[in-house]
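Note sheet for the following structure.
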Amino acid sequence: VYAVASNSVYNRQIVWGGAALLGIIMAPLLGRHLRLSSLPKEGLLLGLFLLWASTGFFVASEQQMFVRYLQLLGELTVIVIGIAVILKFSGAVKWFHYAFLLATVVAVFYLGQPISMDSLTPADPVRSELESANALGFSSAMGVFGALALLPETRRLWARTAIVAGGLLAVYAVLLSASRTAFLALIVLALFWPTLCLASTGRYKLTTLLGTVLILVLVYLAYRFILQETYMGERFIRATEMEDNSTQVRLNLIWIGLQIFANSPIIGCGLGEF
C-alpha cells in the first residue's frame, strides 16, 4: 500500500480506499488485543499535546493554517502509535524495509525514463522534472537502508540478488533526485554500516576488518566519482561552499529559529507569527 500510495497518481485512491480497507481488517484485531498499556508513551504524549493544542482553535487568527497544523500533528500521532503497535505485536520490521525498497522501484520505473548515467549528469539533470525530488530522495535513502537490513534475513541467492539490485536502484534514485540531505544520509550510512558490522562480529575478525577497509575504499571512490560526474555532486559542492541560495536561506531560517527559541523557549512565538 505504501509503495503504490507514494505515487501521487494513486495517492487519493489509496488513502480513501486502501487505508479504509486496512482499517476495517485491523479494527477487530486491535479491539481484541490492544489495551491502553500497550500504547507507546510517545504516542500518548502526542495525543495529549494534540488535545491541548486543539484549544487554540478558538483564538487562532489563521483558521485554515491552524487546521492544517492539527492535521499534521494528528497524522504524526497515528503514525507513531501505529508503527509502535506493529513492531510490538509482530516484530516484523522487515516489512517496513520492503515497503521503502518497493516504493523506490515503483517511483523510478514510473518516471518512464531509461536508467542511465546520462540522467545523472550536470548537463541534463532530471530533478527539475520530478514532482517531489526530496521525497523521492528520502524514500530511496530508506530503501538503501532497508536493502542492507534485509540482506542478512535470507540466504536464498535469488532473494539476495533481488535485494542488491533494489538497493543499487535506490542509490541511483537518490542521485537522480539530487537531494543533498538524502545524499548526506547515504554518506553517514556508508561510514557507519561497515563499522557496526565489524563491532558485531564475534568470529573472523581479520576477514571482517579487511572487508570493512575494502568497503570504505570503494565508498570513497564512489564518493569522488559522484562529486565529479553527477548533478548531485555539483549541488553538494555548491552547498558545502555556501554558493547555493537554498543553503543560505536554510541557515538563516535556522538562526532565526534559534533566536525565537531563545526569546520564548517554553510556549514559542505562536502560530502564524514566524
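By order in the C-alpha cells, chains are A, B, ...; within a chain, residues start at 1; ligands start at 1, following the order shown.
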Polymer residues at most 10 Å from stretch 162-166 of chain A, only C-alpha atoms, same-chain spacing of 5 or more positions, as an mmCIF file with N, CA, C and O atoms, in the first residue's frame:
data_model
loop_
_atom_site.group_PDB
_atom_site.id
_atom_site.type_symbol
_atom_site.label_atom_id
_atom_site.label_comp_id
_atom_site.auth_asym_id
_atom_site.auth_seq_id
_atom_site.Cartn_x
_atom_site.Cartn_y
_atom_site.Cartn_z
ATOM 1 N N TYR A 98 10.914 -3.582 3.264
ATOM 2 C CA TYR A 98 10.373 -3.957 1.955
ATOM 3 C C TYR A 98 9.550 -2.816 1.355
ATOM 4 O O TYR A 98 9.582 -2.576 0.142
ATOM 5 N N LEU A 101 11.840 -0.105 -0.040
ATOM 6 C CA LEU A 101 12.548 -0.617 -1.210
ATOM 7 C C LEU A 101 11.609 -0.708 -2.413
ATOM 8 O O LEU A 101 11.949 -0.292 -3.526
ATOM 9 N N LEU A 102 10.405 -1.219 -2.183
ATOM 10 C CA LEU A 102 9.437 -1.347 -3.267
ATOM 11 C C LEU A 102 8.965 0.029 -3.747
ATOM 12 O O LEU A 102 8.748 0.232 -4.945
ATOM 13 N N THR A 104 10.711 2.704 -3.870
ATOM 14 C CA THR A 104 11.769 3.229 -4.733
ATOM 15 C C THR A 104 11.677 2.653 -6.132
ATOM 16 O O THR A 104 11.765 3.370 -7.134
ATOM 17 N N VAL A 105 11.479 1.334 -6.214
ATOM 18 C CA VAL A 105 11.378 0.672 -7.519
ATOM 19 C C VAL A 105 10.192 1.228 -8.305
ATOM 20 O O VAL A 105 10.307 1.553 -9.500
ATOM 21 N N SER A 140 14.176 6.815 -1.123
ATOM 22 C CA SER A 140 15.223 5.975 -1.713
ATOM 23 C C SER A 140 16.359 5.729 -0.725
ATOM 24 O O SER A 140 16.925 4.627 -0.677
ATOM 25 N N GLY A 143 15.289 3.139 1.322
ATOM 26 C CA GLY A 143 15.359 1.903 0.563
ATOM 27 C C GLY A 143 16.741 1.272 0.626
ATOM 28 O O GLY A 143 16.877 0.043 0.728
ATOM 29 N N VAL A 144 17.786 2.105 0.566
ATOM 30 C CA VAL A 144 19.164 1.603 0.702
ATOM 31 C C VAL A 144 19.351 0.984 2.081
ATOM 32 O O VAL A 144 19.909 -0.108 2.226
ATOM 33 N N GLY A 146 17.025 -0.202 3.964
ATOM 34 C CA GLY A 146 16.230 -1.422 4.008
ATOM 35 C C GLY A 146 16.932 -2.581 3.337
ATOM 36 O O GLY A 146 16.892 -3.720 3.822
ATOM 37 N N ALA A 147 17.596 -2.318 2.200
ATOM 38 C CA ALA A 147 18.321 -3.381 1.499
ATOM 39 C C ALA A 147 19.438 -3.946 2.361
ATOM 40 O O ALA A 147 19.629 -5.169 2.437
ATOM 41 N N LEU A 148 20.177 -3.072 3.040
ATOM 42 C CA LEU A 148 21.253 -3.539 3.919
ATOM 43 C C LEU A 148 20.708 -4.350 5.089
ATOM 44 O O LEU A 148 21.313 -5.324 5.529
ATOM 45 N N ALA A 149 19.542 -3.938 5.597
ATOM 46 C CA ALA A 149 18.938 -4.656 6.721
ATOM 47 C C ALA A 149 18.359 -6.001 6.303
ATOM 48 O O ALA A 149 18.330 -6.952 7.083
ATOM 49 N N LEU A 150 17.896 -6.099 5.043
ATOM 50 C CA LEU A 150 17.247 -7.325 4.572
ATOM 51 C C LEU A 150 18.241 -8.399 4.142
ATOM 52 O O LEU A 150 17.903 -9.587 4.135
ATOM 53 N N LEU A 151 19.450 -7.998 3.754
ATOM 54 C CA LEU A 151 20.418 -8.973 3.254
ATOM 55 C C LEU A 151 20.685 -10.125 4.225
ATOM 56 O O LEU A 151 20.708 -11.294 3.817
ATOM 57 N N THR A 154 17.920 -13.378 4.644
ATOM 58 C CA THR A 154 17.694 -14.503 3.733
ATOM 59 C C THR A 154 19.021 -15.046 3.226
ATOM 60 O O THR A 154 20.003 -14.294 3.108
ATOM 61 N N LEU A 157 19.835 -17.278 -2.915
ATOM 62 C CA LEU A 157 20.625 -16.488 -3.852
ATOM 63 C C LEU A 157 19.758 -15.537 -4.651
ATOM 64 O O LEU A 157 20.102 -14.362 -4.831
ATOM 65 N N VAL A 171 20.078 3.651 -4.661
ATOM 66 C CA VAL A 171 21.203 4.588 -4.726
ATOM 67 C C VAL A 171 21.082 5.461 -5.970
ATOM 68 O O VAL A 171 21.281 6.690 -5.917
ATOM 69 N N TYR A 172 20.741 4.841 -7.089
ATOM 70 C CA TYR A 172 20.535 5.580 -8.344
ATOM 71 C C TYR A 172 19.427 6.620 -8.175
ATOM 72 O O TYR A 172 19.550 7.759 -8.651
#
- Could you give me, as a VMD selection string, each residue of stretch 75-258 of chain A that DSSP assigns to alpha helix (DSSP H) when run on this structure's backbone? chain A and resid 75 to 90 94 to 110 133 to 150 157 to 177 180 to 200 205 to 229 231 to 240 245 to 258
Can you tell me which residues surround stretch 184-193 of chain A at a distance of at most 9 Å, considering only C-alpha atoms, apart from same-chain residues fewer than 5 positions away, and format the answer as a tab-separated table (two decimals) with C-alpha atoms, in the first residue's frame?
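That gives us part.tsv:
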chain	number	residue	atom	x	y	z
A	138	PHE	CA	14.29	10.38	1.35
A	141	ALA	CA	17.73	6.54	1.10
A	144	VAL	CA	19.16	1.60	0.70
A	145	PHE	CA	18.97	1.17	4.47
A	148	LEU	CA	21.25	-3.54	3.92
A	171	VAL	CA	21.20	4.59	-4.73
A	174	VAL	CA	18.97	9.23	-4.57
A	179	SER	CA	18.58	15.62	-2.71
A	198	LEU	CA	32.84	-5.09	12.40
A	215	ILE	CA	34.13	-1.31	1.50
A	216	LEU	CA	35.33	2.06	2.81
A	219	VAL	CA	32.75	4.10	-0.88
A	223	TYR	CA	32.02	9.47	-3.49
A	236	PHE	CA	26.53	19.16	-2.92
- Message: Applying 6 Å and only C-alpha atoms, which residues near stretch 132-134 of chain A remain after dropping the ones on its own chain fewer than 2 positions away? List them as a VMD selection string.
- Response: chain A and resid 130 136 to 137 177 179
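Omitting A:Gly270 and its sequence neighbours fewer than 6 positions away, and counting only C-alpha atoms, the residues within 12 Å are Ala53, Gly56, Val59, Ala60, Ser61, Glu62, Met65, Phe66, Tyr69, Ile260, Phe261 and Ser264 of chain A.
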- When you draw a straight line from atom CA of A:Phe183 to atom CA of A:Glu229, how long is it in Å? 14.7 Å
- Query: Which distance in Å separates atom CA of A:Gln64 and atom CA of A:Gly43, to one decimal?
  - Reply: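 Answer for the atom CA of A:Gln64 to atom CA of A:Gly43 separation: 25.0 Å.
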- Which residue gives the smallest distance to A:Leu34 among A:Ile254, A:Val85, A:Val80, A:Leu176, with only C-alpha atoms counted? A:Val85
